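What follows is a set of notes on a single structure, which appears directly below.
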Amino acid sequence: MNKLLKSFGYAFAGIWSGFCTQRNMKIHVAVALLVIILGAIVSLTWTEWLILIVVICSVISLELINTAIEAAVDLLGPERHPLAKLAKDTAAGAVLVTAIGAVVIGFIIFLPKLLSL
């Protein structure tokens, strides 16, 4: 049980470290909080909440993975290498694709509700 608690501690430390050190993580969390507040204001359905939770968790998770990949690549050394660039750019691209998808889903969910106000 002690190992399990330690593993949760490490995971929360990773999340906190990502939030404290990554500007984009702070942006993702701020936008997520605004979406949650707006969702409460417009009274989202359970299905809409579930979709938003999955989307928010996906974007934040990918940002954490991107941070881990960047840190691992940087650990290998300061010199530039085409494969290091590929790893970093591809990881950042994954975050961007997911964030764009999140924005599209947000518009699909929120636009009709906001237009009906």
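Identifiers in this document derive from the order of the structure tokens: chains are assigned A, B, ..., residues are numbered from 1 separately in each chain, and ligands are numbered from 1 in order of occurrence.
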Near-range 91-98 of chain A list (8 Å; only C-alpha atoms; drop same-chain fewer than 6 positions) as number ranges by chain: A: 58-59, 62-63, 65-66, 69
List as a PDB file with C-alpha atoms, in the first residue's frame the protein and nucleic acid residues near range 32-34 of chain A, meaning an atom at most 12 Å away when only C-alpha atoms are counted, but skip any in the same chain fewer than 2 places from it.
ATOM      1  CA  MET A  25      -0.328  24.077 -19.172  1.00  0.00           C
ATOM      2  CA  LYS A  26      -1.412  27.193 -17.292  1.00  0.00           C
ATOM      3  CA  ILE A  27      -3.315  28.336 -20.375  1.00  0.00           C
ATOM      4  CA  HIS A  28      -5.009  24.935 -20.768  1.00  0.00           C
ATOM      5  CA  VAL A  29      -6.043  24.880 -17.103  1.00  0.00           C
ATOM      6  CA  ALA A  30      -7.341  28.472 -17.226  1.00  0.00           C
ATOM      7  CA  ILE A  36     -16.459  24.579 -16.587  1.00  0.00           C
ATOM      8  CA  ILE A  37     -17.865  27.884 -15.321  1.00  0.00           C
ATOM      9  CA  LEU A  38     -19.597  28.553 -18.647  1.00  0.00           C
ATOM     10  CA  GLY A  39     -20.946  25.007 -18.655  1.00  0.00           C
ATOM     11  CA  ALA A  40     -22.517  25.582 -15.246  1.00  0.00           C
ATOM     12  CA  ILE A  41     -24.031  28.869 -16.423  1.00  0.00           C
ATOM     13  CA  LEU A  52     -16.061  18.130 -22.066  1.00  0.00           C
ATOM     14  CA  ILE A  53     -14.398  16.171 -19.251  1.00  0.00           C
ATOM     15  CA  VAL A  54     -12.853  13.746 -21.757  1.00  0.00           C
ATOM     16  CA  VAL A  55     -11.703  16.624 -23.979  1.00  0.00           C
ATOM     17  CA  ILE A  56     -10.231  18.647 -21.091  1.00  0.00           C
ATOM     18  CA  CYS A  57      -8.427  15.606 -19.682  1.00  0.00           C
ATOM     19  CA  SER A  58      -7.104  14.729 -23.140  1.00  0.00           C
ATOM     20  CA  VAL A  59      -5.595  18.154 -23.741  1.00  0.00           C
ATOM     21  CA  ILE A  60      -4.040  18.359 -20.264  1.00  0.00           C
ATOM     22  CA  ALA A  99      -6.524  21.520 -28.581  1.00  0.00           C
ATOM     23  CA  ALA A 102     -11.341  20.728 -28.182  1.00  0.00           C
ATOM     24  CA  VAL A 103     -12.132  24.197 -29.520  1.00  0.00           C
ATOM     25  CA  GLY A 106     -16.580  23.597 -27.502  1.00  0.00           C
TER      26      GLY A 106
END
Could you list, as a list in words, every residue within 12 Å of Leu114 in chain A, counting only C-alpha atoms and ignoring same-chain residues fewer than 2 positions away?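 Within the cut-off, the hits are Leu38, Gly39, Ile41, Val42, Ser43, Leu44, Gly106, Phe107, Ile108, Ile109, Phe110, Leu111, Pro112, Ser116 and Leu117 of chain A.
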Take the residues that were just selected and, keeping N, CA and C atoms, output them as a CSV table (one decimal), in the first residue's frame.
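As a result, out.csv now contains:
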chain,number,residue,atom,x,y,z
A,38,LEU,N,-18.6,28.3,-17.6
A,38,LEU,CA,-19.6,28.6,-18.6
A,38,LEU,C,-20.6,27.4,-18.7
A,39,GLY,N,-20.1,26.2,-18.6
A,39,GLY,CA,-20.9,25.0,-18.7
A,39,GLY,C,-22.0,25.0,-17.5
A,41,ILE,N,-23.1,27.8,-16.1
A,41,ILE,CA,-24.0,28.9,-16.4
A,41,ILE,C,-25.1,28.5,-17.4
A,42,VAL,N,-24.7,27.7,-18.5
A,42,VAL,CA,-25.7,27.4,-19.5
A,42,VAL,C,-26.3,26.0,-19.3
A,43,SER,N,-26.1,25.4,-18.2
A,43,SER,CA,-26.7,24.1,-17.8
A,43,SER,C,-26.5,23.0,-18.8
A,44,LEU,N,-25.3,22.6,-18.9
A,44,LEU,CA,-25.0,21.5,-19.9
A,44,LEU,C,-25.7,20.2,-19.5
A,106,GLY,N,-16.0,22.5,-28.3
A,106,GLY,CA,-16.6,23.6,-27.5
A,106,GLY,C,-17.6,24.5,-28.3
A,107,PHE,N,-17.2,24.8,-29.5
A,107,PHE,CA,-18.1,25.6,-30.3
A,107,PHE,C,-19.4,24.8,-30.6
A,108,ILE,N,-19.3,23.5,-30.9
A,108,ILE,CA,-20.5,22.7,-31.2
A,108,ILE,C,-21.4,22.6,-30.0
A,109,ILE,N,-20.8,22.5,-28.8
A,109,ILE,CA,-21.6,22.4,-27.6
A,109,ILE,C,-22.2,23.8,-27.2
A,110,PHE,N,-21.3,24.8,-27.1
A,110,PHE,CA,-21.7,26.1,-26.5
A,110,PHE,C,-22.4,27.0,-27.5
A,111,LEU,N,-22.1,27.0,-28.8
A,111,LEU,CA,-22.6,28.1,-29.7
A,111,LEU,C,-24.2,28.0,-29.7
A,112,PRO,N,-24.8,26.9,-29.9
A,112,PRO,CA,-26.3,26.9,-29.8
A,112,PRO,C,-26.9,27.4,-28.5
A,116,SER,N,-29.0,31.0,-28.1
A,116,SER,CA,-30.4,31.0,-27.7
A,116,SER,C,-30.7,31.9,-26.4
A,117,LEU,N,-29.6,32.5,-25.9
A,117,LEU,CA,-29.8,33.4,-24.7
A,117,LEU,C,-30.4,34.7,-25.1
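Across A:Trp49, A:Thr67, A:Val35, A:Leu76, the tightest approach to Ser17 in chain A is made by A:Thr67 when counting only C-alpha atoms.
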